file data.cif (mmCIF, C-alpha atoms and all ligand atoms)
data_final
#
loop_
_atom_site.group_PDB
_atom_site.id
_atom_site.type_symbol
_atom_site.label_atom_id
_atom_site.label_comp_id
_atom_site.auth_asym_id
_atom_site.auth_seq_id
_atom_site.Cartn_x
_atom_site.Cartn_y
_atom_site.Cartn_z
ATOM 1 C CA MET O 1 -46.261 -4.096 -54.791
ATOM 2 C CA ARG O 2 -45.037 -5.275 -51.459
ATOM 3 C CA PHE O 3 -46.423 -8.745 -52.071
ATOM 4 C CA THR O 4 -44.914 -8.816 -55.573
ATOM 5 C CA ASN O 5 -41.491 -7.776 -54.314
ATOM 6 C CA THR O 6 -41.569 -10.403 -51.609
ATOM 7 C CA PHE O 7 -42.698 -12.973 -54.130
ATOM 8 C CA PHE O 8 -39.878 -12.178 -56.542
ATOM 9 C CA THR O 9 -37.304 -12.078 -53.745
ATOM 10 C CA ALA O 10 -38.446 -15.536 -52.651
ATOM 11 C CA LEU O 11 -38.387 -16.759 -56.239
ATOM 12 C CA LEU O 12 -34.859 -15.430 -56.779
ATOM 13 C CA ALA O 13 -33.654 -17.012 -53.539
ATOM 14 C CA CYS O 14 -35.145 -20.290 -54.691
ATOM 15 C CA VAL O 15 -33.504 -20.090 -58.122
ATOM 16 C CA ALA O 16 -30.182 -19.142 -56.495
ATOM 17 C CA SER O 17 -30.300 -22.116 -54.142
ATOM 18 C CA VAL O 18 -31.066 -24.537 -56.971
ATOM 19 C CA SER O 19 -28.353 -23.176 -59.237
ATOM 20 C CA SER O 20 -25.759 -23.076 -56.430
ATOM 21 C CA GLN O 21 -26.101 -26.853 -56.074
ATOM 22 C CA ALA O 22 -25.377 -27.291 -59.752
ATOM 23 C CA THR O 23 -22.617 -24.733 -60.200
ATOM 24 C CA VAL O 24 -20.587 -24.448 -56.971
ATOM 25 C CA ILE O 25 -18.335 -27.485 -57.018
ATOM 26 C CA ASP O 26 -15.993 -27.544 -54.033
ATOM 27 C CA GLN O 27 -12.610 -28.712 -55.321
ATOM 28 C CA ARG O 28 -10.292 -28.047 -52.382
ATOM 29 C CA GLN O 29 -8.415 -31.298 -51.678
ATOM 30 C CA PRO O 30 -9.066 -32.511 -48.119
ATOM 31 C CA ASN O 31 -6.910 -34.795 -45.994
ATOM 32 C CA PRO O 32 -7.485 -38.487 -46.761
ATOM 33 C CA CYS O 33 -9.683 -40.691 -44.600
ATOM 34 C CA ALA O 34 -8.040 -42.351 -41.575
ATOM 35 C CA VAL O 35 -9.106 -45.994 -41.297
ATOM 36 C CA HIS O 36 -11.034 -46.760 -38.099
ATOM 37 C CA TRP O 37 -13.302 -49.686 -37.338
ATOM 38 C CA ALA O 38 -16.907 -49.153 -38.498
ATOM 39 C CA SER O 39 -20.027 -51.322 -38.307
ATOM 40 C CA PRO O 40 -21.868 -52.204 -41.552
ATOM 41 C CA HIS O 41 -24.544 -49.647 -40.583
ATOM 42 C CA GLN O 42 -21.921 -46.922 -40.040
ATOM 43 C CA GLN O 43 -20.333 -47.809 -43.390
ATOM 44 C CA GLU O 44 -23.717 -47.475 -45.092
ATOM 45 C CA LYS O 45 -24.186 -43.984 -43.596
ATOM 46 C CA ILE O 46 -20.715 -42.983 -44.812
ATOM 47 C CA PHE O 47 -21.550 -44.397 -48.244
ATOM 48 C CA GLU O 48 -24.751 -42.297 -48.354
ATOM 49 C CA ASP O 49 -22.762 -39.178 -47.463
ATOM 50 C CA LEU O 50 -20.241 -40.049 -50.173
ATOM 51 C CA VAL O 51 -22.968 -40.495 -52.830
ATOM 52 C CA GLU O 52 -24.567 -37.201 -51.826
ATOM 53 C CA ASN O 53 -21.298 -35.279 -52.021
ATOM 54 C CA LEU O 54 -19.488 -37.014 -54.871
ATOM 55 C CA TYR O 55 -22.397 -37.329 -57.331
ATOM 56 C CA ARG O 56 -25.315 -35.120 -56.248
ATOM 57 C CA THR O 57 -23.951 -31.841 -54.842
ATOM 58 C CA ARG O 58 -20.440 -32.628 -56.096
ATOM 59 C CA ASN O 59 -18.727 -31.334 -52.989
ATOM 60 C CA PHE O 60 -15.451 -33.186 -53.633
ATOM 61 C CA THR O 61 -13.894 -31.560 -50.569
ATOM 62 C CA ARG O 62 -16.336 -33.465 -48.389
ATOM 63 C CA ALA O 63 -16.635 -36.600 -50.530
ATOM 64 C CA TYR O 64 -12.880 -37.222 -50.455
ATOM 65 C CA THR O 65 -12.761 -37.212 -46.655
ATOM 66 C CA HIS O 66 -14.072 -40.783 -47.146
ATOM 67 C CA PHE O 67 -11.198 -42.061 -49.348
ATOM 68 C CA ALA O 68 -8.131 -43.831 -47.946
ATOM 69 C CA VAL O 69 -4.673 -42.524 -48.814
ATOM 70 C CA ASP O 70 -3.652 -45.909 -50.266
ATOM 71 C CA TYR O 71 -6.783 -46.251 -52.387
ATOM 72 C CA ILE O 72 -6.614 -49.174 -54.852
ATOM 73 C CA GLN O 73 -7.808 -48.311 -58.352
ATOM 74 C CA HIS O 74 -8.925 -50.976 -60.870
ATOM 75 C CA ASN O 75 -9.940 -48.632 -63.701
ATOM 76 C CA PRO O 76 -7.112 -49.306 -66.177
ATOM 77 C CA SER O 77 -6.924 -45.625 -67.193
ATOM 78 C CA ALA O 78 -6.160 -44.369 -63.686
ATOM 79 C CA VAL O 79 -3.437 -44.963 -61.118
ATOM 80 C CA ASP O 80 -3.644 -45.884 -57.440
ATOM 81 C CA GLY O 81 -3.793 -43.419 -54.588
ATOM 82 C CA PHE O 82 -5.905 -40.702 -53.052
ATOM 83 C CA ASN O 83 -4.351 -37.758 -54.911
ATOM 84 C CA ALA O 84 -4.609 -39.397 -58.327
ATOM 85 C CA SER O 85 -8.245 -40.279 -57.704
ATOM 86 C CA PHE O 86 -9.104 -36.785 -56.485
ATOM 87 C CA ASN O 87 -7.449 -35.205 -59.526
ATOM 88 C CA ALA O 88 -9.168 -37.640 -61.929
ATOM 89 C CA VAL O 89 -12.605 -36.893 -60.455
ATOM 90 C CA VAL O 90 -12.010 -33.134 -60.659
ATOM 91 C CA SER O 91 -10.977 -33.437 -64.301
ATOM 92 C CA LEU O 92 -13.822 -35.837 -65.261
ATOM 93 C CA ILE O 93 -16.839 -34.370 -63.431
ATOM 94 C CA GLY O 94 -15.530 -31.115 -61.921
ATOM 95 C CA ASP O 95 -16.998 -28.953 -64.679
ATOM 96 C CA PRO O 96 -20.656 -28.047 -63.993
ATOM 97 C CA SER O 97 -21.443 -28.506 -67.709
ATOM 98 C CA VAL O 98 -20.966 -32.260 -67.114
ATOM 99 C CA LYS O 99 -24.304 -33.564 -65.783
ATOM 100 C CA VAL O 100 -24.297 -36.369 -63.211
ATOM 101 C CA GLN O 101 -27.488 -38.195 -62.267
ATOM 102 C CA VAL O 102 -27.618 -41.014 -59.704
ATOM 103 C CA LEU O 103 -30.043 -43.691 -60.923
ATOM 104 C CA ARG O 104 -29.759 -46.337 -58.203
ATOM 105 C CA THR O 105 -27.490 -47.293 -55.343
ATOM 106 C CA ALA O 106 -27.034 -50.347 -53.156
ATOM 107 C CA PHE O 107 -24.927 -51.138 -50.132
ATOM 108 C CA SER O 108 -23.979 -54.539 -48.785
ATOM 109 C CA ALA O 109 -21.003 -54.252 -46.440
ATOM 110 C CA PRO O 110 -18.274 -53.711 -47.301
ATOM 111 C CA TYR O 111 -19.388 -52.849 -50.877
ATOM 112 C CA GLY O 112 -21.327 -49.855 -52.212
ATOM 113 C CA TRP O 113 -22.674 -49.659 -55.791
ATOM 114 C CA VAL O 114 -23.688 -46.562 -57.715
ATOM 115 C CA HIS O 115 -25.380 -46.705 -61.140
ATOM 116 C CA SER O 116 -25.333 -43.281 -62.742
ATOM 117 C CA ARG O 117 -25.922 -41.408 -65.968
ATOM 118 C CA ILE O 118 -23.255 -38.887 -66.913
ATOM 119 C CA ASP O 119 -23.741 -36.482 -69.812
ATOM 120 C CA GLY O 120 -20.467 -35.135 -71.162
ATOM 121 C CA PHE O 121 -18.284 -37.803 -69.539
ATOM 122 C CA ASP O 122 -14.662 -37.835 -70.715
ATOM 123 C CA GLY O 123 -15.489 -36.270 -74.093
ATOM 124 C CA ALA O 124 -18.313 -38.731 -74.930
ATOM 125 C CA GLU O 125 -20.872 -37.308 -77.367
ATOM 126 C CA ARG O 126 -23.744 -39.360 -76.005
ATOM 127 C CA PRO O 127 -24.655 -40.009 -72.346
ATOM 128 C CA SER O 128 -22.641 -42.652 -70.489
ATOM 129 C CA ALA O 129 -23.911 -45.302 -68.103
ATOM 130 C CA VAL O 130 -21.468 -45.742 -65.231
ATOM 131 C CA ALA O 131 -21.424 -48.368 -62.473
ATOM 132 C CA ASP O 132 -18.999 -47.702 -59.617
ATOM 133 C CA ILE O 133 -18.244 -50.337 -57.018
ATOM 134 C CA MET O 134 -16.445 -49.252 -53.854
ATOM 135 C CA ARG O 135 -15.065 -51.423 -51.092
ATOM 136 C CA PHE O 136 -14.906 -50.016 -47.577
ATOM 137 C CA ASN O 137 -12.173 -50.736 -45.102
ATOM 138 C CA GLY O 138 -13.646 -49.567 -41.769
ATOM 139 C CA THR O 139 -14.613 -45.904 -42.196
ATOM 140 C CA CYS O 140 -12.879 -45.443 -45.580
ATOM 141 C CA VAL O 141 -13.226 -46.372 -49.236
ATOM 142 C CA GLN O 142 -10.207 -48.542 -49.932
ATOM 143 C CA GLU O 143 -10.793 -49.989 -53.405
ATOM 144 C CA HIS O 144 -12.710 -49.119 -56.589
ATOM 145 C CA TRP O 145 -13.893 -50.830 -59.782
ATOM 146 C CA ASP O 146 -16.011 -49.304 -62.517
ATOM 147 C CA VAL O 147 -17.847 -50.215 -65.710
ATOM 148 C CA ILE O 148 -18.490 -47.426 -68.229
ATOM 149 C CA GLN O 149 -20.645 -47.605 -71.375
ATOM 150 C CA GLU O 150 -21.360 -44.728 -73.746
ATOM 151 C CA MET O 151 -24.896 -45.007 -75.113
ATOM 152 C CA PRO O 152 -24.643 -46.626 -78.532
ATOM 153 C CA ALA O 153 -26.192 -44.857 -81.546
ATOM 154 C CA GLN O 154 -28.525 -47.816 -82.151
ATOM 155 C CA SER O 155 -30.230 -50.290 -79.867
ATOM 156 C CA VAL O 156 -31.632 -53.697 -80.897
ATOM 157 C CA ASN O 157 -34.363 -53.492 -78.225
ATOM 158 C CA PRO O 158 -36.999 -50.807 -77.602
ATOM 159 C CA HIS O 159 -35.878 -50.003 -74.035
ATOM 160 C CA PRO O 160 -34.029 -46.826 -73.140
ATOM 161 C CA LEU O 161 -30.507 -47.241 -71.739
ATOM 162 C CA PHE O 162 -31.568 -45.430 -68.550
HETATM 163 C C1 LIG O 201 -18.256 -28.818 -48.865
HETATM 164 O O1 LIG O 201 -18.125 -29.552 -47.684
HETATM 165 C C2 LIG O 201 -17.258 -28.932 -46.738
HETATM 166 C C3 LIG O 201 -17.041 -29.948 -45.607
HETATM 167 O O2 LIG O 201 -18.252 -30.458 -45.152
HETATM 168 C C4 LIG O 201 -17.898 -27.631 -46.295
HETATM 169 O O3 LIG O 201 -17.061 -26.985 -45.378
HETATM 170 C C5 LIG O 201 -18.094 -26.746 -47.534
HETATM 171 O O4 LIG O 201 -18.789 -25.568 -47.167
HETATM 172 C C6 LIG O 201 -18.883 -27.471 -48.598
HETATM 173 N N1 LIG O 201 -18.870 -26.682 -49.835
HETATM 174 C C7 LIG O 201 -19.977 -26.238 -50.424
HETATM 175 C C8 LIG O 201 -19.784 -25.479 -51.699
HETATM 176 O O5 LIG O 201 -21.099 -26.445 -49.965
HETATM 177 C C1 LIG O 202 -0.967 -35.261 -52.388
HETATM 178 O O1 LIG O 202 -1.349 -33.912 -52.541
HETATM 179 C C2 LIG O 202 -1.056 -33.118 -51.398
HETATM 180 C C3 LIG O 202 -1.674 -31.750 -51.615
HETATM 181 O O2 LIG O 202 -1.373 -31.249 -52.896
HETATM 182 C C4 LIG O 202 0.466 -33.068 -51.219
HETATM 183 O O3 LIG O 202 0.776 -32.319 -50.067
HETATM 184 C C5 LIG O 202 0.997 -34.499 -51.053
HETATM 185 O O4 LIG O 202 2.384 -34.481 -50.996
HETATM 186 C C6 LIG O 202 0.549 -35.387 -52.202
HETATM 187 N N1 LIG O 202 0.918 -36.782 -51.911
HETATM 188 C C7 LIG O 202 1.429 -37.594 -52.813
HETATM 189 C C8 LIG O 202 1.725 -38.990 -52.351
HETATM 190 O O5 LIG O 202 1.651 -37.252 -53.974
HETATM 191 C C1 LIG O 203 -7.375 -51.497 -43.906
HETATM 192 O O1 LIG O 203 -6.537 -50.381 -43.634
HETATM 193 C C2 LIG O 203 -5.431 -50.731 -42.816
HETATM 194 C C3 LIG O 203 -4.735 -49.416 -42.472
HETATM 195 O O2 LIG O 203 -4.312 -48.742 -43.652
HETATM 196 C C4 LIG O 203 -4.544 -51.701 -43.557
HETATM 197 O O3 LIG O 203 -3.457 -52.072 -42.748
HETATM 198 C C5 LIG O 203 -5.350 -52.951 -43.904
HETATM 199 O O4 LIG O 203 -4.583 -53.808 -44.719
HETATM 200 C C6 LIG O 203 -6.616 -52.569 -44.664
HETATM 201 N N1 LIG O 203 -7.446 -53.753 -44.822
HETATM 202 C C7 LIG O 203 -8.104 -54.040 -45.948
HETATM 203 C C8 LIG O 203 -8.886 -55.312 -45.921
HETATM 204 O O5 LIG O 203 -8.088 -53.328 -46.948
#
call {"tool": "encode", "arguments": {"input": "data.cif", "output": "structure tokens"}}
result
Amino acid sequence: MRFTNTFFTALLACVASVSSQATVIDQRQPNPCAVHWASPHQQEKIFEDLVENLYRTRNFTRAYTHFAVDYIQHNPSAVDGFNASFNAVVSLIGDPSVKVQVLRTAFSAPYGWVHSRIDGFDGAERPSAVADIMRFNGTCVQEHWDVIQEMPAQSVNPHPLF
């Protein structure tokens, strides 16, 4: 039985670690990012950390350390600024029942792109395709654009949306 107990303990630990990624969403608001000079390579590393924490583990507390206080927002449904952006992200993807999947990313300084699939986005019944474009200013994300498309009921081609 010793082996069995060890096996089940290991299995439970494994299940717990997987589910903690999906369910523990850190939503404590951090201080905004202070703009310092950064090389394109440093910006790319910051972008990777942002993608990991904003979309994959959804640790908003860490992700938002990369956003400037005077963040410029182009999404017409949201206002400028760090606090407004933090609050919008918490309300849109802060619930673990909303599923976020990163499909592809690209970085070409000072711009980072994220193409994602979000199930349960902003009350949508079907999955949404989202493209986020972020401009860096030194170490911080300074400006954001997005394009959002809910999957239509019908498609005129045989290819899946994702
Ligand atoms: C989120 O990131 C912060 C800063 O890196 C860290 O202190 C915290 O433990 C993380 N939260 C979770 C739930 O992992
Ligand atoms: C942003 O939120 C923080 C924490 O809640 C608050 O201290 C600060 O005054 C807010 N700033 C603005 C510009 O609303
Ligand atoms: C970068 O941030 C600094 C400090 O907030 C600001 O003065 C400057 O205008 C910003 N530059 C760009 C290109 O956004």
call {"tool": "residues_near_ligand", "arguments": {"input": "data.cif", "ligand": "ligand LIG 203 (chain O)", "cutoff": "10 Å", "atoms": "all atoms listed in the file", "output": "list in words"}}
result
Cys33, Ala34, Val35, His36, Trp37, Ala68, Val69, Asp70, Tyr71, Ile72, Pro110, Arg135, Phe136, Asn137, Gly138, Thr139, Cys140, Val141, Gln142 and Glu143 of chain O
call {"tool": "closest_residue", "arguments": {"input": "data.cif", "among": "O:Asn157, O:Thr65, O:Gln73, O:Gln101", "to": "Ile46 of chain O", "atoms": "all atoms listed in the file"}}
result
O:Thr65
call {"tool": "residues_near_ligand", "arguments": {"input": "data.cif", "ligand": "ligand LIG 202 (chain O)", "cutoff": "10 Å", "atoms": "only C-alpha atoms and all ligand atoms", "output": "ChimeraX atom specification"}}
result
/O:28-32,69-70,81-84,86-87
call {"tool": "resolve_selection", "arguments": {"input": "data.cif", "expression": "the PyMOL selection byres (((not hetatm)) within 7 of (chain O and resi 201))", "output": "list of chain:residue names"}}
result
O:Val24, O:Ile25, O:Asp26, O:Asn59, O:Thr61, O:Arg62
call {"tool": "closest_residue", "arguments": {"input": "data.cif", "among": "O:Asp49, O:Asp146, O:Asp132, O:Asp122", "to": "Ala88 of chain O", "atoms": "only C-alpha atoms"}}
result
O:Asp122
call {"tool": "closest_residue", "arguments": {"input": "data.cif", "among": "O:Val51, O:Ala78, O:Phe162, O:Trp145", "to": "Leu103 of chain O", "atoms": "only C-alpha atoms"}}
result
O:Phe162
call {"tool": "closest_residue", "arguments": {"input": "data.cif", "among": "O:Arg56, O:His66, O:His74, O:His159", "to": "Arg117 of chain O", "atoms": "all atoms listed in the file"}}
result
O:Arg56
call {"tool": "resolve_selection", "arguments": {"input": "data.cif", "expression": "the PyMOL selection byres (((chain O and resi 97) around 12) and not hetatm)", "output": "ChimeraX atom specification"}}
result
/O:22-25,92-96,98-100,118-123
call {"tool": "write_last_selection", "arguments": {"input": "data.cif", "atoms": "C-alpha atoms", "output": "short mmCIF file (atom, residue, chain, number, x, y, z; two decimals), in the coordinates of the input"}}
result
data_model
loop_
_atom_site.label_atom_id
_atom_site.label_comp_id
_atom_site.auth_asym_id
_atom_site.auth_seq_id
_atom_site.Cartn_x
_atom_site.Cartn_y
_atom_site.Cartn_z
CA ALA O 22 -25.38 -27.29 -59.75
CA THR O 23 -22.62 -24.73 -60.20
CA VAL O 24 -20.59 -24.45 -56.97
CA ILE O 25 -18.34 -27.48 -57.02
CA LEU O 92 -13.82 -35.84 -65.26
CA ILE O 93 -16.84 -34.37 -63.43
CA GLY O 94 -15.53 -31.12 -61.92
CA ASP O 95 -17.00 -28.95 -64.68
CA PRO O 96 -20.66 -28.05 -63.99
CA VAL O 98 -20.97 -32.26 -67.11
CA LYS O 99 -24.30 -33.56 -65.78
CA VAL O 100 -24.30 -36.37 -63.21
CA ILE O 118 -23.26 -38.89 -66.91
CA ASP O 119 -23.74 -36.48 -69.81
CA GLY O 120 -20.47 -35.14 -71.16
CA PHE O 121 -18.28 -37.80 -69.54
CA ASP O 122 -14.66 -37.84 -70.72
CA GLY O 123 -15.49 -36.27 -74.09
#
call {"tool": "closest_residue", "arguments": {"input": "data.cif", "among": "O:Val130, O:Ala38, O:Val102, O:Val90", "to": "Glu52 of chain O", "atoms": "only C-alpha atoms"}}
result
O:Val102
call {"tool": "axis_aligned_box", "arguments": {"input": "data.cif", "around": "segment 34-40 of chain O", "padding_each_side": "5 Å", "output": "AutoDock Vina command-line options"}}
result
--center_x -15.0 --center_y -47.3 --center_z -39.5 --size_x 23.8 --size_y 19.9 --size_z 14.2
call {"tool": "atom_distance", "arguments": {"input": "data.cif", "atom1": "atom CA of His115 of chain O", "atom2": "atom CA of Ala129 of chain O"}}
result
7.3 Å
call {"tool": "closest_residue", "arguments": {"input": "data.cif", "among": "O:Phe67, O:Phe47, O:Phe60, O:Tyr55", "to": "Ser116 of chain O", "atoms": "only C-alpha atoms"}}
result
O:Tyr55
call {"tool": "build_atoms", "arguments": {"input": "data.cif", "residues": "segment 122-145 of chain O", "atoms": "N, CA, C and O atoms", "output": "PDB file, in the coordinates of the input"}}
result
ATOM      1  N   ASP O 122     -15.933 -37.534 -70.055  1.00  0.00           N
ATOM      2  CA  ASP O 122     -14.662 -37.835 -70.715  1.00  0.00           C
ATOM      3  C   ASP O 122     -14.742 -37.651 -72.243  1.00  0.00           C
ATOM      4  O   ASP O 122     -14.230 -38.477 -73.004  1.00  0.00           O
ATOM      5  N   GLY O 123     -15.414 -36.594 -72.665  1.00  0.00           N
ATOM      6  CA  GLY O 123     -15.489 -36.270 -74.093  1.00  0.00           C
ATOM      7  C   GLY O 123     -16.523 -37.066 -74.879  1.00  0.00           C
ATOM      8  O   GLY O 123     -16.620 -36.900 -76.099  1.00  0.00           O
ATOM      9  N   ALA O 124     -17.306 -37.933 -74.207  1.00  0.00           N
ATOM     10  CA  ALA O 124     -18.313 -38.731 -74.930  1.00  0.00           C
ATOM     11  C   ALA O 124     -19.393 -37.821 -75.514  1.00  0.00           C
ATOM     12  O   ALA O 124     -19.824 -36.872 -74.867  1.00  0.00           O
ATOM     13  N   GLU O 125     -19.829 -38.119 -76.722  1.00  0.00           N
ATOM     14  CA  GLU O 125     -20.872 -37.308 -77.367  1.00  0.00           C
ATOM     15  C   GLU O 125     -22.245 -37.646 -76.822  1.00  0.00           C
ATOM     16  O   GLU O 125     -23.108 -36.796 -76.701  1.00  0.00           O
ATOM     17  N   ARG O 126     -22.448 -38.923 -76.531  1.00  0.00           N
ATOM     18  CA  ARG O 126     -23.744 -39.360 -76.005  1.00  0.00           C
ATOM     19  C   ARG O 126     -23.602 -39.624 -74.506  1.00  0.00           C
ATOM     20  O   ARG O 126     -22.489 -39.756 -74.000  1.00  0.00           O
ATOM     21  N   PRO O 127     -24.734 -39.748 -73.789  1.00  0.00           N
ATOM     22  CA  PRO O 127     -24.655 -40.009 -72.346  1.00  0.00           C
ATOM     23  C   PRO O 127     -23.944 -41.337 -72.053  1.00  0.00           C
ATOM     24  O   PRO O 127     -24.015 -42.267 -72.860  1.00  0.00           O
ATOM     25  N   SER O 128     -23.309 -41.417 -70.912  1.00  0.00           N
ATOM     26  CA  SER O 128     -22.641 -42.652 -70.489  1.00  0.00           C
ATOM     27  C   SER O 128     -23.348 -43.237 -69.275  1.00  0.00           C
ATOM     28  O   SER O 128     -23.785 -42.507 -68.381  1.00  0.00           O
ATOM     29  N   ALA O 129     -23.447 -44.571 -69.281  1.00  0.00           N
ATOM     30  CA  ALA O 129     -23.911 -45.302 -68.103  1.00  0.00           C
ATOM     31  C   ALA O 129     -22.659 -45.718 -67.337  1.00  0.00           C
ATOM     32  O   ALA O 129     -21.721 -46.264 -67.923  1.00  0.00           O
ATOM     33  N   VAL O 130     -22.647 -45.432 -66.043  1.00  0.00           N
ATOM     34  CA  VAL O 130     -21.468 -45.742 -65.231  1.00  0.00           C
ATOM     35  C   VAL O 130     -21.909 -46.537 -64.001  1.00  0.00           C
ATOM     36  O   VAL O 130     -22.881 -46.167 -63.334  1.00  0.00           O
ATOM     37  N   ALA O 131     -21.219 -47.632 -63.724  1.00  0.00           N
ATOM     38  CA  ALA O 131     -21.424 -48.368 -62.473  1.00  0.00           C
ATOM     39  C   ALA O 131     -20.110 -48.300 -61.695  1.00  0.00           C
ATOM     40  O   ALA O 131     -19.056 -48.677 -62.219  1.00  0.00           O
ATOM     41  N   ASP O 132     -20.174 -47.752 -60.504  1.00  0.00           N
ATOM     42  CA  ASP O 132     -18.999 -47.702 -59.617  1.00  0.00           C
ATOM     43  C   ASP O 132     -19.222 -48.667 -58.468  1.00  0.00           C
ATOM     44  O   ASP O 132     -20.309 -48.709 -57.879  1.00  0.00           O
ATOM     45  N   ILE O 133     -18.194 -49.405 -58.153  1.00  0.00           N
ATOM     46  CA  ILE O 133     -18.244 -50.337 -57.018  1.00  0.00           C
ATOM     47  C   ILE O 133     -17.103 -49.958 -56.087  1.00  0.00           C
ATOM     48  O   ILE O 133     -15.945 -49.849 -56.521  1.00  0.00           O
ATOM     49  N   MET O 134     -17.443 -49.702 -54.822  1.00  0.00           N
ATOM     50  CA  MET O 134     -16.445 -49.252 -53.854  1.00  0.00           C
ATOM     51  C   MET O 134     -16.409 -50.186 -52.657  1.00  0.00           C
ATOM     52  O   MET O 134     -17.461 -50.529 -52.111  1.00  0.00           O
ATOM     53  N   ARG O 135     -15.220 -50.579 -52.291  1.00  0.00           N
ATOM     54  CA  ARG O 135     -15.065 -51.423 -51.092  1.00  0.00           C
ATOM     55  C   ARG O 135     -14.596 -50.570 -49.923  1.00  0.00           C
ATOM     56  O   ARG O 135     -13.618 -49.829 -50.043  1.00  0.00           O
ATOM     57  N   PHE O 136     -15.301 -50.722 -48.798  1.00  0.00           N
ATOM     58  CA  PHE O 136     -14.906 -50.016 -47.577  1.00  0.00           C
ATOM     59  C   PHE O 136     -13.947 -50.864 -46.763  1.00  0.00           C
ATOM     60  O   PHE O 136     -14.046 -52.086 -46.728  1.00  0.00           O
ATOM     61  N   ASN O 137     -13.032 -50.150 -46.124  1.00  0.00           N
ATOM     62  CA  ASN O 137     -12.173 -50.736 -45.102  1.00  0.00           C
ATOM     63  C   ASN O 137     -12.447 -49.891 -43.863  1.00  0.00           C
ATOM     64  O   ASN O 137     -12.005 -48.738 -43.801  1.00  0.00           O
ATOM     65  N   GLY O 138     -13.232 -50.388 -42.913  1.00  0.00           N
ATOM     66  CA  GLY O 138     -13.646 -49.567 -41.769  1.00  0.00           C
ATOM     67  C   GLY O 138     -14.401 -48.350 -42.270  1.00  0.00           C
ATOM     68  O   GLY O 138     -15.349 -48.466 -43.045  1.00  0.00           O
ATOM     69  N   THR O 139     -13.928 -47.159 -41.852  1.00  0.00           N
ATOM     70  CA  THR O 139     -14.613 -45.904 -42.196  1.00  0.00           C
ATOM     71  C   THR O 139     -14.296 -45.387 -43.595  1.00  0.00           C
ATOM     72  O   THR O 139     -14.864 -44.377 -44.007  1.00  0.00           O
ATOM     73  N   CYS O 140     -13.399 -46.041 -44.332  1.00  0.00           N
ATOM     74  CA  CYS O 140     -12.879 -45.443 -45.580  1.00  0.00           C
ATOM     75  C   CYS O 140     -13.099 -46.307 -46.814  1.00  0.00           C
ATOM     76  O   CYS O 140     -13.080 -47.534 -46.734  1.00  0.00           O
ATOM     77  N   VAL O 141     -13.222 -45.649 -47.964  1.00  0.00           N
ATOM     78  CA  VAL O 141     -13.226 -46.372 -49.236  1.00  0.00           C
ATOM     79  C   VAL O 141     -11.781 -46.736 -49.561  1.00  0.00           C
ATOM     80  O   VAL O 141     -10.899 -45.877 -49.625  1.00  0.00           O
ATOM     81  N   GLN O 142     -11.570 -48.041 -49.758  1.00  0.00           N
ATOM     82  CA  GLN O 142     -10.207 -48.542 -49.932  1.00  0.00           C
ATOM     83  C   GLN O 142      -9.932 -48.996 -51.371  1.00  0.00           C
ATOM     84  O   GLN O 142      -8.779 -49.032 -51.819  1.00  0.00           O
ATOM     85  N   GLU O 143     -11.005 -49.358 -52.099  1.00  0.00           N
ATOM     86  CA  GLU O 143     -10.793 -49.989 -53.405  1.00  0.00           C
ATOM     87  C   GLU O 143     -11.961 -49.666 -54.321  1.00  0.00           C
ATOM     88  O   GLU O 143     -13.107 -49.543 -53.865  1.00  0.00           O
ATOM     89  N   HIS O 144     -11.683 -49.534 -55.618  1.00  0.00           N
ATOM     90  CA  HIS O 144     -12.710 -49.119 -56.589  1.00  0.00           C
ATOM     91  C   HIS O 144     -12.598 -49.861 -57.923  1.00  0.00           C
ATOM     92  O   HIS O 144     -11.513 -50.041 -58.446  1.00  0.00           O
ATOM     93  N   TRP O 145     -13.764 -50.263 -58.437  1.00  0.00           N
ATOM     94  CA  TRP O 145     -13.893 -50.830 -59.782  1.00  0.00           C
ATOM     95  C   TRP O 145     -14.965 -50.001 -60.500  1.00  0.00           C
ATOM     96  O   TRP O 145     -15.887 -49.501 -59.847  1.00  0.00           O
TER      97      TRP O 145
END
